[in-house]
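Asker: I am sharing start_11.csv, which consists of CSV, C-alpha atoms:
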chain,number,residue,atom,x,y,z
Y,1,MET,CA,170.4,178.1,88.6
Y,2,PRO,CA,169.3,179.4,85.2
Y,3,LYS,CA,165.7,180.2,84.7
Y,4,THR,CA,163.7,177.6,82.8
Y,5,THR,CA,162.7,178.9,79.4
Y,6,ILE,CA,160.1,178.0,76.8
Y,7,PHE,CA,162.8,176.2,74.9
Y,8,ASP,CA,163.4,173.8,77.8
Y,9,PHE,CA,159.7,172.9,77.8
Y,10,GLN,CA,159.7,172.6,74.0
Y,11,ALA,CA,162.7,170.2,74.1
Y,12,TYR,CA,161.0,168.1,76.7
Y,13,VAL,CA,157.8,167.9,74.7
Y,14,GLY,CA,159.7,167.4,71.4
Y,15,LEU,CA,158.3,170.3,69.6
Y,16,THR,CA,159.8,173.2,67.7
Y,17,LYS,CA,157.9,175.2,65.1
Y,18,HIS,CA,158.0,178.1,62.6
Y,19,LEU,CA,155.5,180.0,60.6
Y,20,GLY,CA,154.5,178.5,57.3
Y,21,GLY,CA,155.0,174.9,58.5
Y,22,LEU,CA,156.2,172.1,56.3
Y,23,ALA,CA,155.2,173.9,53.0
Y,24,ALA,CA,157.5,176.7,53.9
Y,25,THR,CA,160.3,174.3,54.8
Y,26,GLU,CA,159.9,172.5,51.4
Y,27,GLU,CA,159.9,175.8,49.5
Y,28,LEU,CA,163.0,177.0,51.3
Y,29,MET,CA,164.8,173.7,50.5
Y,30,ARG,CA,163.9,174.2,46.8
Y,31,LEU,CA,165.1,177.8,46.7
Y,32,CYS,CA,168.4,176.8,48.4
Y,33,GLU,CA,168.9,174.3,45.6
Y,34,ILE,CA,170.0,171.5,48.0
Y,35,SER,CA,171.3,168.3,46.5
Y,36,GLY,CA,172.7,165.0,47.6
Y,37,GLY,CA,176.3,165.9,47.8
Y,38,ASP,CA,175.8,169.1,49.9
Y,39,GLU,CA,177.1,169.9,53.3
Y,40,VAL,CA,174.3,171.8,55.1
Y,41,MET,CA,174.4,173.6,58.4
Y,42,GLU,CA,171.0,174.1,60.1
Y,43,ALA,CA,171.1,177.1,62.4
Y,44,GLY,CA,168.9,176.5,65.5
Y,45,CYS,CA,168.1,172.9,64.7
Y,46,GLY,CA,165.7,172.5,67.7
Y,47,VAL,CA,164.5,168.9,68.1
Y,48,GLY,CA,165.9,167.9,64.7
Y,49,GLN,CA,162.8,167.6,62.6
Y,50,THR,CA,164.1,169.7,59.7
Y,51,ALA,CA,167.6,168.2,59.8
Y,52,VAL,CA,166.2,164.7,59.6
Y,53,LEU,CA,163.9,165.7,56.7
Y,54,LEU,CA,166.8,167.3,54.8
Y,55,ALA,CA,168.9,164.1,55.2
Y,56,LYS,CA,166.1,161.8,54.2
Y,57,ARG,CA,164.7,163.9,51.4
Y,58,HIS,CA,167.9,165.0,49.7
Y,59,GLY,CA,170.6,162.6,51.0
Y,60,CYS,CA,172.8,165.5,52.1
Y,61,ARG,CA,174.9,165.7,55.2
Y,62,VAL,CA,173.5,168.0,57.9
Y,63,VAL,CA,175.2,169.6,60.9
Y,64,GLY,CA,172.6,171.1,63.2
Y,65,VAL,CA,173.5,173.6,65.9
Y,66,ASP,CA,171.4,174.8,68.8
Y,67,ILE,CA,172.2,176.8,71.9
Y,68,SER,CA,170.2,174.3,74.1
Y,69,GLN,CA,171.8,170.9,75.1
Y,70,ALA,CA,168.3,169.5,75.7
Y,71,MET,CA,167.3,170.3,72.1
Y,72,VAL,CA,170.5,168.7,70.8
Y,73,ASP,CA,169.8,165.6,72.8
Y,74,ARG,CA,166.2,165.4,71.4
Y,75,ALA,CA,167.5,165.9,67.9
Y,76,TRP,CA,169.9,162.9,68.2
Y,77,GLU,CA,167.0,160.8,69.5
Y,78,ARG,CA,165.0,161.8,66.4
Y,79,ALA,CA,167.8,161.0,64.0
Y,80,ARG,CA,168.4,157.6,65.5
Y,81,ARG,CA,164.7,156.8,65.2
Y,82,ALA,CA,164.7,157.9,61.6
Y,83,GLY,CA,167.8,155.9,60.8
Y,84,VAL,CA,169.8,158.9,59.5
Y,85,GLU,CA,172.3,159.2,62.4
Y,86,GLU,CA,175.2,158.6,59.9
Y,87,GLN,CA,174.1,161.6,57.9
Y,88,VAL,CA,173.6,164.1,60.6
Y,89,GLU,CA,175.5,165.7,63.5
Y,90,PHE,CA,174.2,167.9,66.2
Y,91,ARG,CA,176.2,170.3,68.3
Y,92,VAL,CA,175.6,172.9,71.0
Y,93,ALA,CA,176.7,176.3,69.6
Y,94,ASP,CA,175.6,179.9,69.5
Y,95,ILE,CA,174.7,181.3,66.1
Y,96,VAL,CA,176.7,184.5,66.7
Y,97,ASP,CA,179.9,182.5,67.3
Y,98,LEU,CA,179.8,179.3,65.1
Y,99,PRO,CA,182.5,176.8,65.8
Y,100,PHE,CA,183.4,176.2,62.1
Y,101,GLU,CA,186.1,177.2,59.7
Y,102,ASP,CA,185.3,179.7,56.9
Y,103,GLY,CA,183.6,178.3,53.8
Y,104,CYS,CA,182.9,174.7,55.0
Y,105,PHE,CA,179.2,174.4,54.0
Y,106,ASP,CA,177.3,174.5,50.8
Y,107,VAL,CA,174.1,175.8,52.5
Y,108,VAL,CA,173.2,177.4,55.8
Y,109,PHE,CA,169.5,176.8,56.5
Y,110,GLY,CA,167.5,178.4,59.3
Y,111,GLU,CA,163.9,178.6,60.4
Y,112,SER,CA,162.7,181.0,63.0
Y,113,ILE,CA,166.0,181.4,64.7
Y,114,THR,CA,167.7,184.7,63.9
Y,115,PRO,CA,165.2,186.9,65.9
Y,116,PHE,CA,166.4,185.1,69.1
Y,117,ALA,CA,170.1,186.1,68.6
Y,118,ALA,CA,171.6,188.9,70.7
Y,119,ASP,CA,173.1,190.4,67.5
Y,120,HIS,CA,171.3,189.8,64.2
Y,121,ASP,CA,174.1,191.4,62.1
Y,122,LYS,CA,176.6,189.1,63.8
Y,123,ALA,CA,174.5,186.0,63.3
Y,124,ILE,CA,173.9,186.6,59.6
Y,125,THR,CA,177.6,187.5,59.2
Y,126,GLU,CA,178.4,184.1,60.8
Y,127,TYR,CA,176.0,182.3,58.4
Y,128,THR,CA,177.8,183.8,55.4
Y,129,ARG,CA,181.3,183.2,56.8
Y,130,VAL,CA,180.9,179.4,57.0
Y,131,VAL,CA,179.4,179.1,53.4
Y,132,LYS,CA,181.6,178.3,50.4
Y,133,PRO,CA,181.7,180.7,47.5
Y,134,GLY,CA,178.7,180.0,45.3
Y,135,GLY,CA,176.8,178.6,48.3
Y,136,MET,CA,173.5,179.7,49.7
Y,137,VAL,CA,172.0,181.1,52.9
Y,138,GLY,CA,168.3,180.4,53.3
Y,139,LEU,CA,166.2,181.7,56.2
Y,140,ASN,CA,162.5,181.6,57.1
Y,141,GLU,CA,162.0,184.4,59.6
Y,142,SER,CA,159.0,186.1,61.2
Y,143,THR,CA,158.5,189.4,59.4
Y,144,TRP,CA,156.6,192.6,60.1
Y,145,LEU,CA,154.4,193.1,57.0
Y,146,LYS,CA,154.1,196.8,57.9
Y,147,PRO,CA,155.7,198.9,60.6
Y,148,PRO,CA,154.4,197.7,64.0
Y,149,SER,CA,153.4,199.7,67.0
Y,150,GLU,CA,155.3,199.7,70.3
Y,151,GLU,CA,152.6,197.4,71.7
Y,152,LEU,CA,153.1,194.9,69.0
Y,153,ILE,CA,156.9,194.9,69.4
Y,154,ALA,CA,156.5,194.4,73.1
Y,155,TRP,CA,154.0,191.5,72.6
Y,156,PHE,CA,156.3,189.8,70.1
Y,157,ALA,CA,159.3,189.9,72.5
Y,158,GLN,CA,157.1,188.6,75.4
Y,159,ASP,CA,155.3,186.0,73.3
Y,160,MET,CA,158.6,184.5,72.2
Y,161,ALA,CA,159.7,184.4,75.8
Y,162,ALA,CA,163.2,185.3,74.9
Y,163,ASN,CA,163.2,189.1,74.2
Y,164,ALA,CA,163.1,188.3,70.5
Y,165,ARG,CA,162.8,191.0,67.9
Y,166,THR,CA,162.1,190.9,64.2
Y,167,HIS,CA,162.2,193.1,61.1
Y,168,THR,CA,160.3,194.2,58.1
Y,169,ALA,CA,161.2,192.4,54.8
Y,170,GLU,CA,163.2,195.5,53.7
Y,171,GLU,CA,165.2,195.3,56.9
Y,172,TRP,CA,165.9,191.6,56.6
Y,173,GLU,CA,167.0,192.1,53.0
Y,174,ALA,CA,169.3,194.9,54.1
Y,175,LEU,CA,170.9,192.6,56.7
Y,176,LEU,CA,171.5,189.9,54.1
Y,177,GLU,CA,173.0,192.4,51.6
Y,178,GLY,CA,175.1,193.9,54.4
Y,179,ALA,CA,176.6,190.5,55.1
Y,180,GLY,CA,177.6,190.1,51.5
Y,181,LEU,CA,174.9,187.9,50.1
Y,182,ARG,CA,173.8,188.5,46.5
Y,183,ASP,CA,171.0,187.4,44.1
Y,184,LEU,CA,168.5,187.8,46.9
Y,185,VAL,CA,165.1,186.1,46.7
Y,186,VAL,CA,162.5,187.5,49.1
Y,187,ARG,CA,159.0,186.1,49.6
Y,188,THR,CA,156.7,187.2,52.3
Y,189,SER,CA,153.4,185.6,53.4
Y,190,THR,CA,150.6,186.3,55.8
Y,191,ILE,CA,149.6,184.0,58.6
Y,192,ASP,CA,146.6,181.7,58.4
Y,193,THR,CA,146.1,180.3,61.9
Y,194,ARG,CA,144.2,177.2,60.7
Y,195,GLU,CA,146.9,176.5,58.1
Y,196,GLU,CA,149.5,176.8,60.8
Y,197,VAL,CA,147.8,174.0,62.8
Y,198,ARG,CA,147.4,171.8,59.8
Y,199,GLY,CA,151.1,172.5,58.9
Y,200,LEU,CA,152.1,171.3,62.4
Y,201,LEU,CA,150.2,168.1,61.9
Y,202,LYS,CA,151.8,167.5,58.5
Y,203,ARG,CA,155.3,168.3,59.9
Y,204,TYR,CA,155.1,165.8,62.8
Y,205,GLY,CA,152.3,163.5,61.8
Y,206,LEU,CA,149.3,162.6,63.8
Y,207,GLY,CA,151.2,160.1,65.9
Y,208,GLY,CA,154.0,162.5,66.7
Y,209,PHE,CA,151.5,165.3,67.5
Y,210,LEU,CA,149.6,163.0,69.9
Y,211,GLN,CA,152.9,162.0,71.5
Y,212,MET,CA,153.9,165.6,72.1
Y,213,PHE,CA,150.4,166.4,73.4
Y,214,GLY,CA,150.7,163.5,75.9
Y,215,ARG,CA,154.1,164.7,77.0
Y,216,GLY,CA,152.7,168.2,77.5
Y,217,LEU,CA,149.9,166.9,79.7
Y,218,ALA,CA,152.3,164.8,81.8
Y,219,LEU,CA,154.6,167.8,82.2
Y,220,TYR,CA,151.7,170.0,83.3
Y,221,ALA,CA,150.5,167.4,85.8
Y,222,ARG,CA,153.8,167.0,87.6
Y,223,ASN,CA,155.8,170.2,87.0
Y,224,PRO,CA,154.7,173.3,89.0
Y,225,GLU,CA,157.2,175.5,87.2
Y,226,TYR,CA,155.6,174.6,83.9
Y,227,ARG,CA,152.1,175.3,85.3
Y,228,ALA,CA,153.3,178.7,86.5
Y,229,PHE,CA,154.9,179.4,83.1
Y,230,LEU,CA,151.6,178.7,81.3
Y,231,ARG,CA,149.7,180.9,83.7
Y,232,GLU,CA,152.1,183.7,83.0
Y,233,ILE,CA,151.6,183.3,79.3
Y,234,ARG,CA,147.8,183.3,79.6
Y,235,GLN,CA,147.9,186.4,81.8
Y,236,SER,CA,150.2,188.5,79.7
Y,237,GLY,CA,150.5,186.8,76.3
Y,238,VAL,CA,147.2,187.5,74.6
Y,239,ALA,CA,148.0,188.6,71.1
Y,240,PRO,CA,146.7,192.0,70.0
Y,241,PRO,CA,143.6,191.6,67.8
Y,242,ASP,CA,145.2,193.0,64.7
Y,243,VAL,CA,148.5,191.0,64.9
Y,244,VAL,CA,147.8,189.1,61.7
Y,245,ASP,CA,147.6,192.4,59.8
Y,246,TYR,CA,151.1,193.1,60.9
Y,247,LEU,CA,153.0,189.9,61.5
Y,248,GLY,CA,153.8,187.3,58.8
Y,249,TYR,CA,156.9,185.4,57.7
Y,250,GLY,CA,159.4,185.7,54.9
Y,251,LEU,CA,161.7,183.4,53.0
Y,252,TYR,CA,165.1,185.1,52.5
Y,253,ILE,CA,167.7,183.4,50.2
Y,254,GLY,CA,171.0,184.8,49.1
Y,255,ARG,CA,174.2,183.5,47.4
Y,256,ILE,CA,177.8,183.9,48.4
Y,257,PRO,CA,179.6,185.5,45.4
The structure given in the file should be rewritten as structure tokens.
Answerer:
Amino acid sequence: MPKTTIFDFQAYVGLTKHLGGLAATEELMRLCEISGGDEVMEAGCGVGQTAVLLAKRHGCRVVGVDISQAMVDRAWERARRAGVEEQVEFRVADIVDLPFEDGCFDVVFGESITPFAADHDKAITEYTRVVKPGGMVGLNESTWLKPPSEELIAWFAQDMAANARTHTAEEWEALLEGAGLRDLVVRTSTIDTREEVRGLLKRYGLGGFLQMFGRGLALYARNPEYRAFLREIRQSGVAPPDVVDYLGYGLYIGRIP
């Protein structure tokens, strides 16, 4: 039986997140020049919050993919509640092997997803493959603001609970250029922990946040595996004190020639 991961718990609670919150999502939308007639693929759609926002805000069609069936199920629930189920589609898929023909989307949009891929080059190559000429790839990814120590790299992989790894802005830019993207826009930001909490509230709303909190408490009360998982995180997942000096996030946008 596969080991339960943090993503299984997040799917149950109904929460996925990324650095920069709603403000970063809105800025990435703007930089990707998304409009009503666009076909958008969201890489790593999670519980569907951004896909629903894209559909409601821009009137575009969105296909969200995620490697987790539980995430996809939760995303469909969210879309139905929001009344946009005719504008969205959610599918189980791996970002390093997307089940789409070449050049079928106007935009590929991703938030805090590529670091979890087994092969970052392959994932970004897949993003570019499925975008039409003239289309855009836009990513919000965790970013080392300066070269990290081995301790920080190990903490990042453990904290993400998925052996994740990330890059400096220069390394992300090189990956996008290597995949054939041009006219790159790169914007990096530091982390403000208070703003991150406020951003989460804005993204899900107070009612949604309280609902997720309640689900988390219920899961803690009845699921010993979840309690053991949280104990493990508490014991080994304390962030190094200087992490905010090193880790931030970046918006990376490029166009297919």
Asker: Please provide the set of residues having any atom within 10 Å of range 116-128 of chain Y, restricted to all atoms listed in the file, with same-chain residues fewer than 4 positions apart removed, written as an MDAnalysis selection string.
Answerer: chainID Y and resid 41:44 94:100 102:103 105 107:110 112 132:133 135:139 157 160:166 172 174:181 254:256
Asker: Extract, using all atoms listed in the file, all DNA, RNA and protein residues at most 6 Å from range 239-253 of chain Y, discarding same-chain residues fewer than 3 positions from it, and format them as a list in words.
Answerer: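 So the residues in contact are Val137, Gly138, Leu139, Asn140, Glu141, Ser142, Thr143, Trp144, Leu145, Lys146, Leu184, Val185, Val186, Arg187, Thr188, Ser189, Thr190 and Ile191 of chain Y.
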Asker: Of the candidates Y:Val130, Y:Val65, Y:Cys45, Y:Leu54, which shows the shortest atom-to-atom distance to Cys32 in chain Y, using all atoms listed in the file?
Answerer: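 Checking each candidate against Cys32 in chain Y, we get Y:Leu54 as the closest.
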Asker: From the options Y:Ala228, Y:Val47, Y:Cys60, Y:Val88, which residue's atoms come nearest to Arg74 in chain Y, counting all atoms listed in the file?
Answerer: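 Closest to Arg74 in chain Y, using all atoms listed in the file: Y:Val47.
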Asker: Rounded to one decimal in Å, what is the spacing between CA of Val40 in chain Y and CA of Asp183 in chain Y?
Answerer: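 We find that CA of Val40 in chain Y and CA of Asp183 in chain Y lie 19.4 Å from each other.
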Asker: So how many Å separate CA of Val52 in chain Y and CA of Ala24 in chain Y, to one decimal?
Answerer: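 For CA of Val52 in chain Y relative to CA of Ala24 in chain Y, the distance reads 15.9 Å.
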Asker: Using only C-alpha atoms, which of the listed residues (Y:Val197, Y:Ile153, Y:Cys104, Y:Ala51) sits closest to His18 in chain Y?
Answerer: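 Smallest separation from His18 in chain Y among the options: Y:Val197.
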Asker: Quick one, how far is CA of Arg198 in chain Y from CA of Ser35 in chain Y?
Answerer: 27.6 Å
Asker: Measuring atom to atom with all atoms listed in the file, identify which of Y:Phe156, Y:Arg182, Y:Leu201, Y:Thr50 is nearest to Gly134 in chain Y.
Answerer: Y:Arg182
Asker: Taking into account all atoms listed in the file, which residue in the set Y:Gly46, Y:Leu53, Y:Val92, Y:Asn223 is nearest to Ala75 in chain Y?
Answerer: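 Closest candidate: Y:Gly46.
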Asker: May I have the residues within 12 Å of Arg194 in chain Y as a PyMOL selection string, using all atoms listed in the file and disregarding those fewer than 6 positions away in the same chain?
Answerer: chain Y and resi 19-21+200-201
Asker: At most 12 Å from (167.7, 157.8, 58.2), file frame, all atoms listed in the file: which residues, as a list in words?
Answerer: Gln49, Ala51, Val52, Leu53, Leu54, Ala55, Lys56, Arg57, His58, Gly59, Cys60, Arg61, Val62, Trp76, Glu77, Arg78, Ala79, Arg80, Arg81, Ala82, Gly83, Val84, Glu85, Glu86, Gln87 and Val88 of chain Y
Asker: Do you know which residues are at most 7 Å from Glu89 in chain Y counting all atoms listed in the file, after dropping those on the same chain fewer than 2 positions away, and could you put them as a list of chain:residue names?
Answerer: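 Answer for this query is Y:Val62, Y:Val63, Y:Gly64, Y:Arg91.
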Asker: Write the selection just made, keeping C-alpha atoms, as a PDB file, keeping the file's coordinate frame?
Answerer:
ATOM      1  CA  VAL Y  62     173.500 168.000  57.900  1.00  0.00           C
ATOM      2  CA  VAL Y  63     175.200 169.600  60.900  1.00  0.00           C
ATOM      3  CA  GLY Y  64     172.600 171.100  63.200  1.00  0.00           C
ATOM      4  CA  ARG Y  91     176.200 170.300  68.300  1.00  0.00           C
TER       5      ARG Y  91
END
